[in-house]
Every structure is written in C-alpha cells, then in structure tokens.
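Peer 1: Questions regarding the structure given below will be posed in turn.
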Amino acid sequence: MTTTPASKPATAKPVLDEEEARLARARRTERIGKWAMPALMLALALIAWDRIVVWNEIPKYILPRPGLVVETLIADFGTLASSALVTMQITLMALAVAVIGGVGLAVFFAQSRFFEMAFYPFAVILQVTPVVSIAPLIFIYVDNRLVGLLLCAWIVAFFPILSNTTLGLNSTDHNLRDLYRIYGATRWQRLRYLQLPTALPYFLGGLRIAGGLSLIGAVVAEYVAGTGGIGSGLAFRILEAGYRLNIARMFAALLLIAALGVVIFTATSLLSHLLLRKWHESAIKRET
Amino acid sequence: MRPAYPLPIPPLGRRKPLLQLAGVDKVFNGTVTALSGMDLQVGQGDFISLLGPSGCGKSTALRLIAGLMRPSAGSITWTGGQAKGDLGVVFQEPTLMPWATVAQNVYLPFRLQGLPYPEVEDRIARALALVGLERFHGAYPRQLSGGMKMRVSIARSMVTEPRLILMDEPFAALDEITRHKLNNDLLALREKLQCTVIFVTHSVFESVYLSDRIVVMAARPGRVSAEVQVEEPYPRSEEFRTSARYGELCQMTSEALQVAMAEHQEAAE
C-alpha cells in the first residue's frame, strides 16, 4: 500500500472571482432596494393621489389632498394623540388579558384531553362569530364601557394565542417526554421545563397575530359602543369627523390607527426575536 | 466521578446480578406480539448488545427495562430494587432541549430530582470533561455538530452515575468516522465508570467491537435467538478492529444473525 503526500496548499491570496463579484453586487443592490423601492412607490402614490384630486377638482369634503391630511394631523395633534393613547391603552389591556386568558386556557387544556374536548368548541364558536354581532349584546349586559370594550377586544384576540399555545404544548419531542418519565418528572416539572419552552415560539407567533387583532377588536367595539360614554378613542374621532364632513381629519385618525398597528407588530416581532435569537431556527441567520 | 462498581469488572460468568428479565412478553393491542418469552440475566459490568433485524423487539425490550411500558407477562426485577438515578438513557437522536445550554441539558436529571444547580455543578463539569466538551458548557445545541450533540447526550446519561445505561442505536445516524471515534470514547468511558450498558444496534461490527455479550434476536415474534460471548479483554483499541480474532467474531455473529433471520422466514411461511 502506498500513500502519496498531498500537494502543498497554494499560498496565493484569495481572488474574488467573477461570479462572487456578481453576487456581491446583487446583494448590495438588494440591500438598497429593500428601503428605496417601498419609499419610491409610496411617494409616487401620494403624488398620484394629489394630482387626481387637483385635476378632477374633487372637493375636500369628498377627498382631501394628502397635504391637507398632514396639515390636519399637525393642527389637531393634541386631540388625536390623546385619542390614540386611549385606543392604545384599550388595545394593550385587551392583549394582556388575551395573553393571560389564552395561555391559561391552553395550559388548562394541556392538563387533560377531556378539558380540551369539553371546552375547545366554546372557544371556536366565540372565535368564528363576528365580534360586531356580539358587541351590541355585550354593551347591553355590561354597564361599564371600558369593561365592554375590553371584552370585545379580548374575544377577537385570545383565540390565536390559545390555539397556537395549545399546539405548542402538545408538540414536545416524544423522546424528551420519555426521558422526563424515566427521570420521574412531576406534572409541574414537565410543564415548566419541557412544555412551556417548547410552546414559546408557537405562543409568540400567536401573539403577533393577536396584537393586530386586539387593535381591530378595540376599534370595532368603539364603533359599536357609539359616541356616548367614555368614547374618546380614535374610532370615536373618525365617527365624529364623519358627521362633520371633516374628511381630512378622518384620514388623519386613520393614519394614526395604522401607525398604532405597525408599532404593535414591530414590538411583538422584536420581542419574539429577543426571546428566540439564541436557540430557535426562525431567529438564526445562516452564514451561507 | 466514581465508578458504579468495585474495580475491576470480573470476567463473564462471575459477575453479580443486576437485573433479570424472566419470560417477558409484550403484546400490543392484544394482537401484535412484539416480544415473546424473553429471558435475560444482566450482570454488573456487562456490556450487552441487542442485535437483530427490524421488528425483533429490541427497542421494545429497552423500553420495558426503562419502565416506559409494562410487560404483558413475565417480570423484570432489579437486584436490590431500583432507585432514582439508577438508569441513564441515550436515544438514537441526541434528544437535547434546544432552548437550554449544554450544561443545563446535562443538569436535567438532577433538576428533575430537585437538586439545585450549584450543588451539582462539579459533577456536571466532570461529566462534560469525560466526553471532552468542557469548553462548550455554555453553548446551545444548534452550535454543535452531530457527534458533539451525541456526546452531550452521553454525558447527560452518565451524570447521575447510573448502575445501568440503555442505548438505543445511539450512533446509527452518524457518519462512519465519527461513529468509530464515539465507539472508542464509549469504551474509554466504560473503563472509567465500570457501568453496565445495554446497547441496541443493527451493526454486527459495532456489537462485536463494543460488547462482551451479544444477544442475537429474531423477529415476529421478537425473541432471543442466540448469545455470542466476546471474551476479548478490555480496554480494546483500533488494533482489535483490524485483528483476525475480530474478523472471526464478526463472522460468527453474522452467522448467528443469519440463523435468526432464517427462523423468521420459516415462521412466516
């Protein structure tokens, strides 16, 4: 048997070949395009909006020019911002209650298949019934406006958390489950050290959906609750401005609602990234 | 870590009993007989390989010994009873918790016994040193290669100094080179810990290299067909793998396996 020594490794400095150079250029273009393209499209859309209004001489009580919307937003910022704060508060409270209720129910379900069989249909019925159709009933039975609003938003938001967390709690690795049994783990230990960490990525996925839904729930409930009571959220401002044909203000309020939605989505995405970045596949950047 | 038994391990036939399977049957669903009349005496310090084709009940036997299932008939008795931490298990996959660091994964058996981390920190460090991963205690499983993950799994199974370690085809998913390396490491660990191992495998070569008792099993219904004893002394090394004696033993074991598989053919016809 003979073995030949391997040839000496080449010591020439690495060269950037043509393909690699092309890939590097493509990556650079994509990095810029990711920001530039949406910004460009948005600017074009705004210009088109403005031109359509001017050329067709559309009156401002039907469609205001984008400039007027911005002016109204600045002029009425005090009122609108405090309304946005109210809507934000209701949304966050509803989300908090949805998290507690959703995770609590999911843990309860995970303890026994029978609980799940008995209660899951109720959760599904609550979820599939449009909140607009339940809300009037809720405001008949619940005197406190705030509690009513919270209840509406909660009904919309808790289901994705419940169903995702339930799925997560039931997705534990079967070998790990065996291992826990062999080491004589208690039910509580299994939940705390195995099921809850397994369910975390699923829960966070549900949270991202629930964040947007609780905003929808809060706004819809405010519409149904009408202009009485504590109604001073953004939905109330939109209704009020609509009665007064102040369309620019409706747009301004709408802009703030959209901004709230984006803030909530960004915050939940960031939370998800921070909690999972060390170990979960979804948060890991690949080197190649 | 201290060895589980007094050193050195006496030769085959002069070891104290650890565990006894007597006439163990396992029938699934009232119809599928996975294991039929299995008798096995496990002695302290035995390295037993359960070798056989798929469906011969070797994994079922392992799950029964692990206490994950109860036998339909027969008995499994530990000499002197079984205490917490008497058993370590290594599965075919590393089965690590991805959200926990290497050290936290090895801590698991103690955590489930309710022991606080600082109390067992030294033992975890020693277990990791034994498998050569002391520098990786803070790493997450995803940062490790397949072989390293398996080492963590082995460290976890040994950290409680168990009297018996069950291994269910632990190296089947690894490449040949890593597999040979881990075979040698496992033998070295056994030398240090003198633990008893029951090792399920598909590989004749692996069973001959590692074990001193090879229990050859036949399928449908799963049962013990023959036992091959490998009286090559430990420590074994790569020299054994290239020796004529090794070749002979592999041939003997292969023949025993052929017989076991022919039995199954006859039973099927």
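How things are named: the first chain in the structure tokens is A, the next is B, and so on; residues count from 1 in each chain; ligands count from 1 in the order shown.
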Write out as an NGL selection string each polymer residue whose atoms come within 12 Å of B:Ala173, counting only C-alpha atoms; drop sequence neighbours fewer than 3 positions from it.

Peer 2: :B and (91-94 or 146-147 or 149-150 or 168-170 or 176-179 or 201-202)

Peer 1: Considering only C-alpha atoms, return as a PyMOL selection string whatever protein or nucleic-acid residues lie within 8 Å of stretch 214-228 of chain A, sequence-local ones (same chain, fewer than 3 positions apart) excluded.

Peer 2: chain A and resi 87-88+90-92+94-95+131-132+135-136+139+145+148-150+152-157+210-211+231-236+239-240+261

Peer 1: So which residues touch A:Asn175 within 12 Å, counting only C-alpha atoms, skipping near sequence neighbours fewer than 4 positions away, as a ChimeraX atom specification?

Peer 2: /A:171,179-182,194 /B:63,68,89-97,153,168

Peer 1: Report as a list in words the set of chain B residues whose atoms approach chain A to within 9 Å, with distances computed over only C-alpha atoms.

Peer 2: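 Applying the cut-off to the listed atoms yields Ala66, Gly67, Leu68, Lys84, Gly85, Leu87, Gly88, Val89, Phe91, Glu93, Thr95, Leu96, Met97, Pro98, Trp99, Ala100, Leu108, Pro109, Phe110, Arg111, Leu112, Gln113, Tyr140, Pro141, Arg142 and Gln143 of chain B.
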
Peer 1: Store the residues picked out above in a file with N, CA and C atoms, as a JSON list (two decimals), in the first residue's frame.

Peer 2:
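Result file follows (result_18.json):
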```
[["chain", "number", "residue", "atom", "x", "y", "z"],
["B", 66, "ALA", "N", -36.57, 0.23, 30.66],
["B", 66, "ALA", "CA", -36.59, 1.62, 31.09],
["B", 66, "ALA", "C", -37.82, 1.95, 31.92],
["B", 67, "GLY", "N", -38.80, 1.03, 31.94],
["B", 67, "GLY", "CA", -40.00, 1.29, 32.71],
["B", 67, "GLY", "C", -41.00, 2.15, 31.98],
["B", 68, "LEU", "N", -40.81, 2.34, 30.67],
["B", 68, "LEU", "CA", -41.75, 3.15, 29.89],
["B", 68, "LEU", "C", -42.99, 2.34, 29.52],
["B", 84, "LYS", "N", -33.90, 6.15, 42.20],
["B", 84, "LYS", "CA", -33.83, 7.27, 41.26],
["B", 84, "LYS", "C", -32.40, 7.48, 40.80],
["B", 85, "GLY", "N", -32.19, 7.71, 39.53],
["B", 85, "GLY", "CA", -30.84, 7.95, 39.04],
["B", 85, "GLY", "C", -30.07, 6.67, 38.78],
["B", 87, "LEU", "N", -30.70, 4.79, 36.34],
["B", 87, "LEU", "CA", -30.85, 4.49, 34.93],
["B", 87, "LEU", "C", -30.47, 5.71, 34.11],
["B", 88, "GLY", "N", -29.66, 5.49, 33.07],
["B", 88, "GLY", "CA", -29.38, 6.56, 32.12],
["B", 88, "GLY", "C", -29.82, 6.07, 30.75],
["B", 89, "VAL", "N", -30.27, 6.98, 29.90],
["B", 89, "VAL", "CA", -30.75, 6.57, 28.58],
["B", 89, "VAL", "C", -30.15, 7.46, 27.49],
["B", 91, "PHE", "N", -30.82, 8.02, 23.35],
["B", 91, "PHE", "CA", -31.68, 7.63, 22.23],
["B", 91, "PHE", "C", -30.91, 7.73, 20.92],
["B", 93, "GLU", "N", -31.55, 9.78, 18.49],
["B", 93, "GLU", "CA", -31.26, 11.20, 18.31],
["B", 93, "GLU", "C", -30.68, 11.73, 19.63],
["B", 95, "THR", "N", -31.60, 14.16, 21.34],
["B", 95, "THR", "CA", -32.69, 14.49, 22.25],
["B", 95, "THR", "C", -32.28, 15.52, 23.29],
["B", 96, "LEU", "N", -31.73, 16.63, 22.81],
["B", 96, "LEU", "CA", -31.38, 17.73, 23.72],
["B", 96, "LEU", "C", -32.48, 18.78, 23.65],
["B", 97, "MET", "N", -32.57, 19.57, 24.72],
["B", 97, "MET", "CA", -33.54, 20.67, 24.70],
["B", 97, "MET", "C", -32.86, 21.86, 24.01],
["B", 98, "PRO", "N", -33.38, 22.31, 22.87],
["B", 98, "PRO", "CA", -32.68, 23.33, 22.09],
["B", 98, "PRO", "C", -32.60, 24.68, 22.79],
["B", 99, "TRP", "N", -33.49, 24.92, 23.75],
["B", 99, "TRP", "CA", -33.50, 26.22, 24.42],
["B", 99, "TRP", "C", -32.53, 26.26, 25.59],
["B", 100, "ALA", "N", -31.92, 25.13, 25.91],
["B", 100, "ALA", "CA", -31.05, 25.07, 27.07],
["B", 100, "ALA", "C", -29.59, 24.89, 26.63],
["B", 108, "LEU", "N", -30.25, 18.32, 33.58],
["B", 108, "LEU", "CA", -31.65, 17.87, 33.62],
["B", 108, "LEU", "C", -31.97, 16.76, 34.63],
["B", 109, "PRO", "N", -31.21, 15.63, 34.65],
["B", 109, "PRO", "CA", -31.58, 14.58, 35.60],
["B", 109, "PRO", "C", -31.57, 15.06, 37.05],
["B", 110, "PHE", "N", -30.62, 15.95, 37.39],
["B", 110, "PHE", "CA", -30.57, 16.47, 38.76],
["B", 110, "PHE", "C", -31.71, 17.44, 39.01],
["B", 111, "ARG", "N", -31.99, 18.27, 38.01],
["B", 111, "ARG", "CA", -33.08, 19.24, 38.15],
["B", 111, "ARG", "C", -34.39, 18.52, 38.45],
["B", 112, "LEU", "N", -34.61, 17.40, 37.76],
["B", 112, "LEU", "CA", -35.85, 16.67, 37.98],
["B", 112, "LEU", "C", -35.85, 15.94, 39.32],
["B", 113, "GLN", "N", -34.64, 15.78, 39.92],
["B", 113, "GLN", "CA", -34.58, 15.22, 41.28],
["B", 113, "GLN", "C", -34.71, 16.32, 42.32],
["B", 140, "TYR", "N", -25.18, 26.40, 22.87],
["B", 140, "TYR", "CA", -26.51, 25.85, 22.62],
["B", 140, "TYR", "C", -26.38, 24.68, 21.64],
["B", 141, "PRO", "N", -27.27, 23.70, 21.74],
["B", 141, "PRO", "CA", -27.15, 22.50, 20.90],
["B", 141, "PRO", "C", -26.98, 22.80, 19.41],
["B", 142, "ARG", "N", -27.64, 23.86, 18.91],
["B", 142, "ARG", "CA", -27.57, 24.11, 17.47],
["B", 142, "ARG", "C", -26.15, 24.49, 17.02],
["B", 143, "GLN", "N", -25.31, 24.90, 17.99],
["B", 143, "GLN", "CA", -23.95, 25.29, 17.64],
["B", 143, "GLN", "C", -23.02, 24.08, 17.56]]
```

Peer 1: Please list as a tab-separated table (two decimals) with N, CA and C atoms, in the first residue's frame every residue within 8 Å of stretch 161-167 of chain A, counting only C-alpha atoms and excluding residues in the same chain fewer than 6 positions away.

Peer 2:
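Output saved as around_33.tsv:
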```
chain	number	residue	atom	x	y	z
A	98	ALA	N	-55.83	38.85	26.81
A	98	ALA	CA	-55.84	37.74	25.85
A	98	ALA	C	-54.67	36.79	26.13
A	99	VAL	N	-53.51	37.35	26.48
A	99	VAL	CA	-52.35	36.51	26.77
A	99	VAL	C	-52.63	35.68	28.01
A	101	GLY	N	-55.55	34.95	29.42
A	101	GLY	CA	-56.64	34.01	29.17
A	101	GLY	C	-56.24	32.91	28.21
A	102	GLY	N	-55.55	33.27	27.12
A	102	GLY	CA	-55.17	32.29	26.10
A	102	GLY	C	-54.19	31.27	26.65
A	103	VAL	N	-53.13	31.76	27.29
A	103	VAL	CA	-52.11	30.84	27.82
A	103	VAL	C	-52.70	30.02	28.96
A	105	LEU	N	-55.83	29.12	29.48
A	105	LEU	CA	-56.70	28.08	28.94
A	105	LEU	C	-55.89	26.97	28.28
A	106	ALA	N	-54.84	27.36	27.55
A	106	ALA	CA	-54.02	26.35	26.86
A	106	ALA	C	-53.36	25.42	27.86
A	107	VAL	N	-52.85	25.98	28.96
A	107	VAL	CA	-52.22	25.15	29.99
A	107	VAL	C	-53.26	24.22	30.61
A	109	PHE	N	-55.98	23.14	29.13
A	109	PHE	CA	-56.26	22.10	28.12
A	109	PHE	C	-55.17	21.03	28.13
A	110	ALA	N	-53.92	21.48	28.29
A	110	ALA	CA	-52.80	20.54	28.19
A	110	ALA	C	-52.80	19.55	29.35
A	199	ALA	N	-43.44	25.44	23.75
A	199	ALA	CA	-44.58	26.21	23.23
A	199	ALA	C	-44.21	27.67	22.95
A	200	LEU	N	-43.08	28.14	23.49
A	200	LEU	CA	-42.76	29.57	23.38
A	200	LEU	C	-42.78	30.11	21.95
A	202	TYR	N	-44.37	29.00	19.36
A	202	TYR	CA	-45.75	28.95	18.88
A	202	TYR	C	-46.55	30.10	19.49
A	203	PHE	N	-46.37	30.29	20.82
A	203	PHE	CA	-47.06	31.37	21.52
A	203	PHE	C	-46.72	32.72	20.89
A	205	GLY	N	-45.76	33.40	17.90
A	205	GLY	CA	-46.45	33.52	16.61
A	205	GLY	C	-47.89	33.95	16.81
A	206	GLY	N	-48.55	33.36	17.80
A	206	GLY	CA	-49.93	33.72	18.12
A	206	GLY	C	-50.02	35.16	18.61
A	207	LEU	N	-49.02	35.57	19.40
A	207	LEU	CA	-49.02	36.92	19.96
A	207	LEU	C	-48.97	37.97	18.86
A	210	ALA	N	-52.36	38.17	17.46
A	210	ALA	CA	-53.29	38.71	18.45
A	210	ALA	C	-53.09	40.21	18.63
```

Peer 1: Stretch 159-220 of chain B: which residues are alpha helix (DSSP H) by DSSP, as a list of chain:residue names?

Peer 2: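 Taking stretch 159-220 of chain B and keeping alpha helix (DSSP H) only, one gets B:Glu176, B:Ile177, B:Thr178, B:Arg179, B:His180, B:Lys181, B:Leu182, B:Asn183, B:Asn184, B:Asp185, B:Leu186, B:Leu187, B:Ala188, B:Leu189, B:Arg190, B:Glu191, B:Lys192, B:Leu193, B:Val204, B:Phe205, B:Glu206, B:Ser207, B:Val208, B:Tyr209, B:Leu210.
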
Peer 1: Export, as a PDB file, in the first residue's frame, the selected residues with C-alpha atoms.

Peer 2:
```pdb
ATOM      1  CA  GLU B 176     -18.564   6.123   9.920  1.00  0.00           C
ATOM      2  CA  ILE B 177     -15.594   8.146  11.149  1.00  0.00           C
ATOM      3  CA  THR B 178     -17.492   9.891  13.935  1.00  0.00           C
ATOM      4  CA  ARG B 179     -19.036   6.573  14.817  1.00  0.00           C
ATOM      5  CA  HIS B 180     -15.668   4.841  15.269  1.00  0.00           C
ATOM      6  CA  LYS B 181     -14.448   7.743  17.353  1.00  0.00           C
ATOM      7  CA  LEU B 182     -17.507   7.615  19.607  1.00  0.00           C
ATOM      8  CA  ASN B 183     -17.193   3.812  19.895  1.00  0.00           C
ATOM      9  CA  ASN B 184     -13.697   4.281  21.281  1.00  0.00           C
ATOM     10  CA  ASP B 185     -14.819   7.089  23.580  1.00  0.00           C
ATOM     11  CA  LEU B 186     -17.675   4.976  24.890  1.00  0.00           C
ATOM     12  CA  LEU B 187     -15.272   2.147  25.697  1.00  0.00           C
ATOM     13  CA  ALA B 188     -12.936   4.581  27.451  1.00  0.00           C
ATOM     14  CA  LEU B 189     -15.833   5.936  29.495  1.00  0.00           C
ATOM     15  CA  ARG B 190     -16.868   2.431  30.468  1.00  0.00           C
ATOM     16  CA  GLU B 191     -13.295   1.763  31.560  1.00  0.00           C
ATOM     17  CA  LYS B 192     -13.514   4.769  33.906  1.00  0.00           C
ATOM     18  CA  LEU B 193     -17.054   4.285  35.172  1.00  0.00           C
ATOM     19  CA  VAL B 204     -22.635  -6.673  13.659  1.00  0.00           C
ATOM     20  CA  PHE B 205     -19.281  -4.840  13.613  1.00  0.00           C
ATOM     21  CA  GLU B 206     -20.299  -2.362  16.266  1.00  0.00           C
ATOM     22  CA  SER B 207     -21.697  -5.049  18.540  1.00  0.00           C
ATOM     23  CA  VAL B 208     -18.514  -7.155  18.314  1.00  0.00           C
ATOM     24  CA  TYR B 209     -16.237  -4.176  18.882  1.00  0.00           C
ATOM     25  CA  LEU B 210     -18.106  -2.816  21.887  1.00  0.00           C
TER      26      LEU B 210
END
```

Peer 1: Where does DSSP see strand (DSSP E or B) in stretch 18-231 of chain B, if you list the residues as a ChimeraX atom specification?

Peer 2: /B:18-28,32-43,47-51,73-78,87-90,164-168,196-201,213-218,223-229

Peer 1: Fewer than 4 positions away in the same chain doesn't count, so skip those; otherwise give me all residues within 12 Å of B:Gly43, counting only C-alpha atoms, as an mmCIF file with N, CA and C atoms, in the first residue's frame.

Peer 2:
```
data_model
loop_
_atom_site.group_PDB
_atom_site.id
_atom_site.type_symbol
_atom_site.label_atom_id
_atom_site.label_comp_id
_atom_site.auth_asym_id
_atom_site.auth_seq_id
_atom_site.Cartn_x
_atom_site.Cartn_y
_atom_site.Cartn_z
ATOM 1 N N TYR B 5 -19.261 0.352 40.279
ATOM 2 C CA TYR B 5 -18.985 -0.915 40.951
ATOM 3 C C TYR B 5 -17.510 -0.970 41.307
ATOM 4 N N ILE B 9 -13.879 -5.078 36.714
ATOM 5 C CA ILE B 9 -15.039 -5.925 36.449
ATOM 6 C C ILE B 9 -14.559 -7.375 36.334
ATOM 7 N N PRO B 10 -15.167 -8.288 37.099
ATOM 8 C CA PRO B 10 -14.754 -9.697 36.979
ATOM 9 C C PRO B 10 -15.124 -10.257 35.613
ATOM 10 N N PRO B 11 -14.484 -11.369 35.220
ATOM 11 C CA PRO B 11 -14.790 -11.935 33.903
ATOM 12 C C PRO B 11 -16.232 -12.423 33.829
ATOM 13 N N LEU B 12 -16.677 -12.618 32.616
ATOM 14 C CA LEU B 12 -18.039 -13.105 32.358
ATOM 15 C C LEU B 12 -18.311 -14.366 33.163
ATOM 16 N N GLY B 13 -19.508 -14.488 33.696
ATOM 17 C CA GLY B 13 -19.865 -15.683 34.443
ATOM 18 C C GLY B 13 -19.583 -15.556 35.928
ATOM 19 N N ARG B 14 -18.794 -14.506 36.308
ATOM 20 C CA ARG B 14 -18.518 -14.336 37.741
ATOM 21 C C ARG B 14 -18.964 -12.957 38.217
ATOM 22 N N ARG B 15 -19.921 -12.387 37.488
ATOM 23 C CA ARG B 15 -20.407 -11.065 37.874
ATOM 24 C C ARG B 15 -21.677 -11.186 38.711
ATOM 25 N N LYS B 16 -21.852 -10.218 39.621
ATOM 26 C CA LYS B 16 -23.069 -10.215 40.440
ATOM 27 C C LYS B 16 -24.252 -9.790 39.575
ATOM 28 N N PRO B 17 -25.425 -10.342 39.851
ATOM 29 C CA PRO B 17 -26.591 -9.974 39.033
ATOM 30 C C PRO B 17 -27.050 -8.544 39.302
ATOM 31 N N LEU B 18 -27.515 -7.879 38.241
ATOM 32 C CA LEU B 18 -28.040 -6.516 38.377
ATOM 33 C C LEU B 18 -29.537 -6.491 38.074
ATOM 34 N N LEU B 19 -29.887 -7.242 37.028
ATOM 35 C CA LEU B 19 -31.253 -7.130 36.522
ATOM 36 C C LEU B 19 -31.613 -8.457 35.887
ATOM 37 N N GLN B 20 -32.864 -8.843 36.059
ATOM 38 C CA GLN B 20 -33.276 -10.110 35.474
ATOM 39 C C GLN B 20 -34.598 -9.975 34.744
ATOM 40 N N LEU B 21 -34.608 -10.395 33.462
ATOM 41 C CA LEU B 21 -35.861 -10.484 32.714
ATOM 42 C C LEU B 21 -36.250 -11.956 32.673
ATOM 43 N N PHE B 47 -21.509 -5.522 29.190
ATOM 44 C CA PHE B 47 -21.798 -4.651 28.051
ATOM 45 C C PHE B 47 -22.550 -5.527 27.055
ATOM 46 N N ILE B 48 -23.870 -5.422 27.053
ATOM 47 C CA ILE B 48 -24.710 -6.302 26.244
ATOM 48 C C ILE B 48 -25.175 -5.562 25.001
ATOM 49 N N TRP B 78 -34.977 -5.781 39.448
ATOM 50 C CA TRP B 78 -33.664 -5.224 39.770
ATOM 51 C C TRP B 78 -33.192 -5.872 41.068
ATOM 52 N N THR B 79 -31.961 -6.357 41.067
ATOM 53 C CA THR B 79 -31.408 -6.894 42.303
ATOM 54 C C THR B 79 -31.215 -5.734 43.278
ATOM 55 N N ARG B 163 -26.438 2.880 37.514
ATOM 56 C CA ARG B 163 -25.963 1.492 37.520
ATOM 57 C C ARG B 163 -26.130 0.868 36.138
ATOM 58 N N LEU B 164 -27.088 1.397 35.374
ATOM 59 C CA LEU B 164 -27.352 0.824 34.055
ATOM 60 C C LEU B 164 -27.590 1.939 33.039
ATOM 61 N N GLN B 194 -17.019 1.883 34.796
ATOM 62 C CA GLN B 194 -17.382 0.485 35.033
ATOM 63 C C GLN B 194 -18.889 0.303 35.088
ATOM 64 N N CYS B 195 -19.611 1.026 34.223
ATOM 65 C CA CYS B 195 -21.068 0.914 34.280
ATOM 66 C C CYS B 195 -21.534 -0.254 33.410
ATOM 67 N N THR B 196 -22.753 -0.645 33.619
ATOM 68 C CA THR B 196 -23.377 -1.688 32.820
ATOM 69 C C THR B 196 -24.104 -1.024 31.653
ATOM 70 N N VAL B 197 -23.961 -1.609 30.461
ATOM 71 C CA VAL B 197 -24.584 -0.999 29.294
ATOM 72 C C VAL B 197 -25.416 -2.033 28.551
ATOM 73 N N ILE B 198 -26.616 -1.649 28.163
ATOM 74 C CA ILE B 198 -27.383 -2.446 27.193
ATOM 75 C C ILE B 198 -27.529 -1.583 25.948
ATOM 76 N N ASP B 212 -19.284 -7.391 25.416
ATOM 77 C CA ASP B 212 -18.777 -8.720 25.742
ATOM 78 C C ASP B 212 -19.876 -9.770 25.662
ATOM 79 N N ARG B 213 -21.130 -9.316 25.527
ATOM 80 C CA ARG B 213 -22.223 -10.277 25.284
ATOM 81 C C ARG B 213 -23.088 -9.730 24.156
#
```

Peer 1: Suppose you want the space between atom CA of B:Ala260 and atom CA of B:Ala218; what is it in Å?

Peer 2: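 Taking atom CA of B:Ala260 and atom CA of B:Ala218, their separation equals 4.8 Å.
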
Peer 1: Wanna dump the stretch 156-255 of chain B-stretch 55-58 of chain B contacts at 6 Å for me, each residue with its shortest atom pair and the distance in Å to one decimal, counting only C-alpha atoms, ordered by chain and number, as CSV?

Peer 2:
```
residue,atom,partner,partner_atom,distance
B:Met217,CA,B:Cys56,CA,6.0
B:Ala218,CA,B:Cys56,CA,5.2
B:Ala219,CA,B:Cys56,CA,3.7
B:Gly222,CA,B:Cys56,CA,4.1
```

Peer 1: Write the residues of the preceding selection, restricted to C-alpha atoms, as an mmCIF file, in the first residue's frame.

Peer 2:
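Heads up, here's the output in out.cif:
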```
data_model
loop_
_atom_site.group_PDB
_atom_site.id
_atom_site.type_symbol
_atom_site.label_atom_id
_atom_site.label_comp_id
_atom_site.auth_asym_id
_atom_site.auth_seq_id
_atom_site.Cartn_x
_atom_site.Cartn_y
_atom_site.Cartn_z
ATOM 1 C CA MET B 217 -32.731 -11.617 18.402
ATOM 2 C CA ALA B 218 -35.239 -12.940 15.873
ATOM 3 C CA ALA B 219 -38.385 -11.212 14.652
ATOM 4 C CA GLY B 222 -39.468 -10.891 18.831
#
```

Peer 1: Tell me which protein, DNA and RNA residues are within 10 Å of A:Ser282, counting only C-alpha atoms, leaving out same-chain ones fewer than 4 positions away, and put them as a JSON list (two decimals) with N, CA and C atoms, in the first residue's frame.

Peer 2:
```json
[["chain", "number", "residue", "atom", "x", "y", "z"],
["A", 201, "PRO", "N", -42.11, 29.47, 20.98],
["A", 201, "PRO", "CA", -42.17, 30.01, 19.61],
["A", 201, "PRO", "C", -43.58, 30.01, 19.04],
["A", 272, "SER", "N", -40.30, 38.73, 20.02],
["A", 272, "SER", "CA", -40.12, 37.37, 19.55],
["A", 272, "SER", "C", -38.65, 37.12, 19.20],
["A", 273, "HIS", "N", -38.05, 38.10, 18.50],
["A", 273, "HIS", "CA", -36.65, 37.93, 18.12],
["A", 273, "HIS", "C", -35.75, 37.85, 19.36],
["A", 276, "LEU", "N", -36.06, 34.45, 21.17],
["A", 276, "LEU", "CA", -35.71, 33.22, 20.45],
["A", 276, "LEU", "C", -34.33, 33.24, 19.82],
["A", 277, "ARG", "N", -33.67, 34.41, 19.83],
["A", 277, "ARG", "CA", -32.49, 34.55, 18.97],
["A", 277, "ARG", "C", -31.38, 33.57, 19.33]]
```

Peer 1: For the atom pair atom CA of B:Pro162 and atom CA of B:Ala61, what is the interatomic distance in Å to one decimal place?

Peer 2: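 According to the coordinates, atom CA of B:Pro162 and atom CA of B:Ala61 are separated by 18.8 Å.
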